[in-house]
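Novice: Got a structure for you, written out below as structure tokens; questions coming shortly.
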Amino acid sequence: MLTEPRSGRLAAWGNALLAGLASPDDAVLAIVGEDAVHRVEGLPGEPAPVGLTLGLGRLRGLGATALRVALPAPGHPLGLSGPPEFNARALEAEEAVVCHGAALGLVPEVYEAGPAGDVHVEVVWHVLPVREAPPADVPSLGEAERELAEALRDATEVLSKLDVAGSGPVAEAAIDAYRARAERGREVLAPGYPPRAVRVLELAQRVGLLVSLAYENGHGGAVSASEMAARGAALRPVERTARRALVAAYNSVVEERERGR
């Protein structure tokens, strides 16, 4: 979780565009990021893939008023509401966007080509029908913030005892890179999001960074089977909590609209 998921960028800047808080050019530029191009395939009435600008316009015309994020994992259909076909595609991609106001969802498929250091990335967003129902297991911003604080405290204590918390030059370099990206504003939500959502997103990304470092550092000092089991048991709920908080942050605009704010 060192960078925003593509579904997060699409939902955040798509919401800003749909709310009239960002121009189409600015929204598309932010969504594409460092990728080469994004296309939308499977839109009703469109026989061929279309560009992202046209695709977002078509979704608005089909009734979409906002976009939600889903970040599912095996055994955890976070942000999904069905049907099974869409859930399966989203689970395979580990992310998806669900339209609010239109029974449609988008799942990214990423294509990479080129040598290391010069990879050309294209993304196709496949549009599929979804079930209009409350998304699974998405907390409020307040719940997500409390859960993150508790998870970070508990995991840090357990991982420190097992000597697997992110440490050393590799971890320090990763943390420095994360901070540099945050300072450049790449980790900030789009216009229209409440400050609390930005705060929750940043905390979730920090927690996700610690989890990623712990996994990437192998077993660290956890050498026995019982210690490795304790390490995994400590990481899994923290990773789930961080994903729940990411979804809560990205979807907060929709939640506020539904409450009439």
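Each chain in the structure tokens gets a letter, A, B, ..., in the order shown, and its residues are numbered from 1; ligands are numbered from 1 in order too.
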Excluding stretch 4-12 of chain A and its own-chain neighbours fewer than 2 positions away, which residues fall within 6 Å of it when counting only C-alpha atoms? Please give them as a ChimeraX atom specification.

Specialist: /A:14-15,31,67-68,96-97,190

Novice: Generate the output file for the selected residues, N, CA, C and O atoms, as a compact mmCIF listing (two decimals), in the first residue's frame.

Specialist:
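To be explicit, this is the file written out as part.txt:
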# COMPACT_ATOMS: atom_id res chain seq x y z
N GLY A 14 -12.92 10.92 -9.91
CA GLY A 14 -14.22 10.81 -10.57
C GLY A 14 -15.29 11.50 -9.76
O GLY A 14 -16.16 12.18 -10.31
N ASN A 15 -15.23 11.38 -8.43
CA ASN A 15 -16.18 12.08 -7.57
C ASN A 15 -16.02 13.59 -7.67
O ASN A 15 -17.00 14.33 -7.69
N ILE A 31 -6.06 10.62 -12.48
CA ILE A 31 -6.42 9.20 -12.46
C ILE A 31 -5.35 8.37 -13.17
O ILE A 31 -4.93 7.32 -12.67
N LEU A 67 -18.85 7.61 -7.05
CA LEU A 67 -18.13 6.36 -7.22
C LEU A 67 -17.62 5.86 -5.87
O LEU A 67 -17.12 6.65 -5.07
N ARG A 68 -17.75 4.56 -5.65
CA ARG A 68 -17.24 3.93 -4.44
C ARG A 68 -16.06 3.02 -4.79
O ARG A 68 -15.95 2.53 -5.92
N ALA A 96 -11.86 -2.60 -7.22
CA ALA A 96 -12.92 -2.28 -8.17
C ALA A 96 -13.53 -0.95 -7.77
O ALA A 96 -13.29 -0.43 -6.68
N VAL A 97 -14.31 -0.39 -8.69
CA VAL A 97 -15.08 0.83 -8.45
C VAL A 97 -16.53 0.52 -8.72
O VAL A 97 -16.85 -0.14 -9.72
N ALA A 190 -8.80 13.86 -3.59
CA ALA A 190 -9.19 14.89 -4.54
C ALA A 190 -10.03 15.97 -3.86
O ALA A 190 -10.47 15.82 -2.72

Novice: Just the number, please: distance in Å from atom CA of A:Pro72 to atom CA of A:Glu95, one decimal.

Specialist: 6.1 Å

Novice: Which one is closest to A:Glu258: A:Gly101, A:Pro44, A:Pro237, A:Gly232? Count only C-alpha atoms.

Specialist: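 When distances to A:Glu258 are compared using only C-alpha atoms, the smallest one comes from A:Gly101.
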
Novice: Expressed in Å to a single decimal, how great is the separation between atom CA of A:Asp154 and atom CA of A:Leu78?

Specialist: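 Between atom CA of A:Asp154 and atom CA of A:Leu78 the gap is 22.4 Å.
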
Novice: Report the distance between atom CA of A:Glu157 and atom CA of A:Arg236 in Å, rounded to one decimal place.

Specialist: 14.7 Å

Novice: A:Tyr193, A:Gly75, A:Leu209, A:Val127: which is nearest A:Leu21, counting only C-alpha atoms?

Specialist: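 Comparing A:Tyr193, A:Gly75, A:Leu209, A:Val127 against A:Leu21, the winner is A:Tyr193.
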
Novice: For A:Ala242, please output as a list of chain:residue names all residues within 9 Å (counting only C-alpha atoms; exclusion window: fewer than 4 positions along the same chain).

Specialist: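 Once the adjacent positions are removed, what remains is A:Ala144, A:Glu147, A:Leu148, A:Ala151, A:Leu201, A:Leu203, A:Ala204, A:Gln205, A:Arg206, A:Val207, A:Gly208, A:Pro237, A:Val238, A:Leu246, A:Val247.
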
Novice: Hey, can you spit out that residue selection with N, CA and C atoms as a JSON list (two decimals), in the first residue's frame?

Specialist:
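File produced: again_38.json:
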[["chain", "number", "residue", "atom", "x", "y", "z"],
["A", 144, "ALA", "N", -13.19, 3.74, 11.37],
["A", 144, "ALA", "CA", -11.92, 3.39, 10.74],
["A", 144, "ALA", "C", -10.74, 4.01, 11.47],
["A", 147, "GLU", "N", -10.19, 2.12, 14.76],
["A", 147, "GLU", "CA", -9.65, 0.80, 14.50],
["A", 147, "GLU", "C", -8.18, 0.86, 14.12],
["A", 148, "LEU", "N", -7.82, 1.85, 13.30],
["A", 148, "LEU", "CA", -6.43, 1.98, 12.87],
["A", 148, "LEU", "C", -5.51, 2.25, 14.05],
["A", 151, "ALA", "N", -5.15, -0.97, 16.01],
["A", 151, "ALA", "CA", -4.40, -1.98, 15.28],
["A", 151, "ALA", "C", -2.93, -1.64, 15.20],
["A", 201, "LEU", "N", -6.96, 8.36, 5.42],
["A", 201, "LEU", "CA", -6.23, 7.79, 4.29],
["A", 201, "LEU", "C", -4.74, 7.74, 4.57],
["A", 203, "LEU", "N", -3.17, 7.77, 7.46],
["A", 203, "LEU", "CA", -2.87, 6.81, 8.53],
["A", 203, "LEU", "C", -2.97, 5.38, 8.02],
["A", 204, "ALA", "N", -3.98, 5.11, 7.19],
["A", 204, "ALA", "CA", -4.12, 3.77, 6.62],
["A", 204, "ALA", "C", -2.93, 3.41, 5.75],
["A", 205, "GLN", "N", -2.43, 4.37, 5.00],
["A", 205, "GLN", "CA", -1.26, 4.11, 4.16],
["A", 205, "GLN", "C", -0.01, 3.88, 4.99],
["A", 206, "ARG", "N", 0.12, 4.59, 6.11],
["A", 206, "ARG", "CA", 1.25, 4.35, 7.00],
["A", 206, "ARG", "C", 1.18, 2.96, 7.61],
["A", 207, "VAL", "N", -0.01, 2.57, 8.04],
["A", 207, "VAL", "CA", -0.18, 1.23, 8.60],
["A", 207, "VAL", "C", 0.10, 0.18, 7.53],
["A", 208, "GLY", "N", -0.41, 0.40, 6.31],
["A", 208, "GLY", "CA", -0.15, -0.52, 5.23],
["A", 208, "GLY", "C", 1.33, -0.62, 4.91],
["A", 237, "PRO", "N", -4.94, -9.14, 10.74],
["A", 237, "PRO", "CA", -6.00, -8.18, 11.11],
["A", 237, "PRO", "C", -5.60, -6.73, 10.88],
["A", 238, "VAL", "N", -4.30, -6.43, 10.98],
["A", 238, "VAL", "CA", -3.86, -5.06, 10.73],
["A", 238, "VAL", "C", -4.03, -4.71, 9.26],
["A", 246, "LEU", "N", -8.95, 2.47, 4.15],
["A", 246, "LEU", "CA", -8.78, 3.06, 2.82],
["A", 246, "LEU", "C", -10.14, 3.20, 2.13],
["A", 247, "VAL", "N", -10.93, 2.15, 2.18],
["A", 247, "VAL", "CA", -12.25, 2.18, 1.53],
["A", 247, "VAL", "C", -13.13, 3.23, 2.19]]

Novice: With only C-alpha atoms as the counted atoms, please give the residues lying no more than 12 Å from A:Asp118, apart from itself and same-chain residues fewer than 3 positions off, as a PyMOL selection string.

Specialist: chain A and resi 34-36+112-115+121

Novice: Kindly save the residues from that selection, with N, CA, C and O atoms included, as a PDB file, in the first residue's frame.

Specialist:
ATOM      1  N   GLU A  34       1.022   7.830 -13.456  1.00  0.00           N
ATOM      2  CA  GLU A  34       2.219   7.466 -14.209  1.00  0.00           C
ATOM      3  C   GLU A  34       1.943   6.413 -15.275  1.00  0.00           C
ATOM      4  O   GLU A  34       2.870   5.987 -15.974  1.00  0.00           O
ATOM      5  N   ASP A  35       0.698   5.960 -15.394  1.00  0.00           N
ATOM      6  CA  ASP A  35       0.358   5.019 -16.462  1.00  0.00           C
ATOM      7  C   ASP A  35       0.367   5.734 -17.807  1.00  0.00           C
ATOM      8  O   ASP A  35       0.306   6.964 -17.883  1.00  0.00           O
ATOM      9  N   ALA A  36       0.398   4.956 -18.869  1.00  0.00           N
ATOM     10  CA  ALA A  36       0.404   5.544 -20.210  1.00  0.00           C
ATOM     11  C   ALA A  36      -0.991   5.976 -20.630  1.00  0.00           C
ATOM     12  O   ALA A  36      -1.184   7.085 -21.137  1.00  0.00           O
ATOM     13  N   GLU A 112       1.307  -4.528 -18.987  1.00  0.00           N
ATOM     14  CA  GLU A 112       2.645  -3.940 -18.897  1.00  0.00           C
ATOM     15  C   GLU A 112       3.512  -4.474 -20.029  1.00  0.00           C
ATOM     16  O   GLU A 112       3.439  -5.647 -20.384  1.00  0.00           O
ATOM     17  N   ALA A 113       4.349  -3.581 -20.583  1.00  0.00           N
ATOM     18  CA  ALA A 113       5.277  -3.967 -21.640  1.00  0.00           C
ATOM     19  C   ALA A 113       6.522  -3.094 -21.543  1.00  0.00           C
ATOM     20  O   ALA A 113       6.463  -1.963 -21.058  1.00  0.00           O
ATOM     21  N   GLY A 114       7.623  -3.629 -22.003  1.00  0.00           N
ATOM     22  CA  GLY A 114       8.854  -2.856 -22.001  1.00  0.00           C
ATOM     23  C   GLY A 114       9.866  -3.375 -20.998  1.00  0.00           C
ATOM     24  O   GLY A 114       9.528  -4.147 -20.094  1.00  0.00           O
ATOM     25  N   PRO A 115      11.115  -2.958 -21.130  1.00  0.00           N
ATOM     26  CA  PRO A 115      12.171  -3.424 -20.231  1.00  0.00           C
ATOM     27  C   PRO A 115      12.053  -2.809 -18.842  1.00  0.00           C
ATOM     28  O   PRO A 115      11.348  -1.808 -18.651  1.00  0.00           O
ATOM     29  N   VAL A 121       2.634   1.088 -19.171  1.00  0.00           N
ATOM     30  CA  VAL A 121       1.466   0.524 -18.498  1.00  0.00           C
ATOM     31  C   VAL A 121       0.183   1.077 -19.105  1.00  0.00           C
ATOM     32  O   VAL A 121       0.010   2.296 -19.204  1.00  0.00           O
TER      33      VAL A 121
END

Novice: Write down as an MDAnalysis selection string the residues of stretch 11-251 of chain A whose backbone DSSP state falls under helix (DSSP H, G or I).

Specialist: chainID A and resid 11:18 24:32 52:61 84:93 141:161 168:183 195:216 225:250

Novice: Dump C-alpha atoms for the selected residues as a compact mmCIF listing (two decimals), in the first residue's frame?

Specialist:
# COMPACT_ATOMS: atom_id res chain seq x y z
CA ALA A 11 -13.16 7.09 -7.45
CA ALA A 12 -11.63 10.15 -5.77
CA TRP A 13 -11.10 12.21 -8.92
CA GLY A 14 -14.22 10.81 -10.57
CA ASN A 15 -16.18 12.08 -7.57
CA ALA A 16 -14.53 15.48 -7.86
CA LEU A 17 -15.44 15.59 -11.55
CA LEU A 18 -19.04 14.47 -10.97
CA PRO A 24 -12.22 16.63 -17.00
CA ASP A 25 -8.59 17.23 -17.99
CA ASP A 26 -7.39 17.56 -14.39
CA ALA A 27 -9.39 14.52 -13.27
CA VAL A 28 -8.11 12.29 -16.06
CA LEU A 29 -4.53 13.44 -15.53
CA ALA A 30 -4.73 12.56 -11.84
CA ILE A 31 -6.42 9.20 -12.46
CA VAL A 32 -3.91 8.07 -15.09
CA LEU A 52 -11.40 7.88 -19.82
CA THR A 53 -12.88 11.34 -20.38
CA LEU A 54 -15.67 9.98 -22.56
CA GLY A 55 -16.11 7.01 -20.25
CA LEU A 56 -16.70 9.16 -17.18
CA GLY A 57 -19.12 11.28 -19.17
CA ARG A 58 -21.03 8.20 -20.27
CA LEU A 59 -21.27 6.97 -16.68
CA ARG A 60 -22.72 10.32 -15.65
CA GLY A 61 -25.25 10.05 -18.47
CA PRO A 84 -20.97 -13.20 -7.93
CA GLU A 85 -19.58 -12.57 -11.41
CA PHE A 86 -18.56 -9.02 -10.56
CA ASN A 87 -17.26 -10.04 -7.14
CA ALA A 88 -15.05 -12.71 -8.72
CA ARG A 89 -13.53 -10.26 -11.20
CA ALA A 90 -12.98 -7.68 -8.47
CA LEU A 91 -11.38 -10.26 -6.19
CA GLU A 92 -9.01 -11.32 -8.96
CA ALA A 93 -7.97 -7.69 -9.51
CA LEU A 141 -14.57 7.33 9.03
CA GLY A 142 -14.77 7.53 12.80
CA GLU A 143 -14.82 3.76 13.17
CA ALA A 144 -11.92 3.39 10.74
CA GLU A 145 -9.80 5.94 12.58
CA ARG A 146 -10.33 4.24 15.94
CA GLU A 147 -9.65 0.80 14.50
CA LEU A 148 -6.43 1.98 12.87
CA ALA A 149 -5.07 3.49 16.07
CA GLU A 150 -5.77 0.29 18.00
CA ALA A 151 -4.40 -1.98 15.28
CA LEU A 152 -1.23 0.04 14.88
CA ARG A 153 -0.57 -0.02 18.62
CA ASP A 154 -1.22 -3.74 19.00
CA ALA A 155 0.72 -4.79 15.90
CA THR A 156 3.72 -2.62 16.74
CA GLU A 157 3.94 -4.23 20.17
CA VAL A 158 3.69 -7.79 18.86
CA LEU A 159 6.00 -7.31 15.89
CA SER A 160 8.60 -5.53 17.98
CA LYS A 161 8.69 -8.50 20.36
CA GLY A 168 17.23 -1.22 9.08
CA PRO A 169 18.33 0.66 5.96
CA VAL A 170 15.81 -0.96 3.58
CA ALA A 171 12.87 -0.07 5.80
CA GLU A 172 14.20 3.43 6.41
CA ALA A 173 14.58 4.01 2.66
CA ALA A 174 11.02 2.85 2.05
CA ILE A 175 9.68 5.14 4.75
CA ASP A 176 11.68 8.07 3.36
CA ALA A 177 10.27 7.40 -0.12
CA TYR A 178 6.75 7.29 1.29
CA ARG A 179 7.25 10.62 3.06
CA ALA A 180 8.64 12.20 -0.11
CA ARG A 181 5.59 11.11 -2.10
CA ALA A 182 3.26 12.40 0.59
CA GLU A 183 5.03 15.76 0.61
CA PRO A 195 -10.12 16.71 6.16
CA ARG A 196 -10.87 13.67 8.29
CA ALA A 197 -10.90 11.48 5.19
CA VAL A 198 -7.45 12.75 4.25
CA ARG A 199 -6.23 12.01 7.77
CA VAL A 200 -7.67 8.48 7.75
CA LEU A 201 -6.23 7.79 4.29
CA GLU A 202 -2.75 8.89 5.32
CA LEU A 203 -2.87 6.81 8.53
CA ALA A 204 -4.12 3.77 6.62
CA GLN A 205 -1.26 4.11 4.16
CA ARG A 206 1.25 4.35 7.00
CA VAL A 207 -0.18 1.23 8.60
CA GLY A 208 -0.15 -0.52 5.23
CA LEU A 209 3.49 0.47 4.81
CA LEU A 210 4.43 -1.17 8.11
CA VAL A 211 2.60 -4.34 7.10
CA SER A 212 4.31 -4.38 3.69
CA LEU A 213 7.74 -3.93 5.25
CA ALA A 214 7.10 -6.70 7.75
CA TYR A 215 6.11 -9.09 4.95
CA GLU A 216 9.00 -8.05 2.69
CA ALA A 225 6.89 -22.10 13.98
CA SER A 226 5.00 -20.59 16.89
CA GLU A 227 6.70 -17.22 16.38
CA MET A 228 5.95 -17.25 12.65
CA ALA A 229 2.32 -18.08 13.42
CA ALA A 230 2.16 -15.20 15.91
CA ARG A 231 3.67 -12.88 13.32
CA GLY A 232 1.06 -13.83 10.73
CA ALA A 233 -1.71 -13.55 13.28
CA ALA A 234 -0.52 -10.03 14.12
CA LEU A 235 -0.27 -8.88 10.50
CA ARG A 236 -3.52 -10.22 9.04
CA PRO A 237 -6.00 -8.18 11.11
CA VAL A 238 -3.86 -5.06 10.73
CA GLU A 239 -3.80 -5.42 6.95
CA ARG A 240 -7.58 -5.92 6.94
CA THR A 241 -8.07 -2.86 9.14
CA ALA A 242 -5.91 -0.74 6.82
CA ARG A 243 -7.90 -1.83 3.77
CA ARG A 244 -11.19 -1.08 5.53
CA ALA A 245 -9.91 2.39 6.40
CA LEU A 246 -8.78 3.06 2.82
CA VAL A 247 -12.25 2.18 1.53
CA ALA A 248 -13.89 4.33 4.22
CA ALA A 249 -11.74 7.31 3.22
CA TYR A 250 -12.39 6.98 -0.51
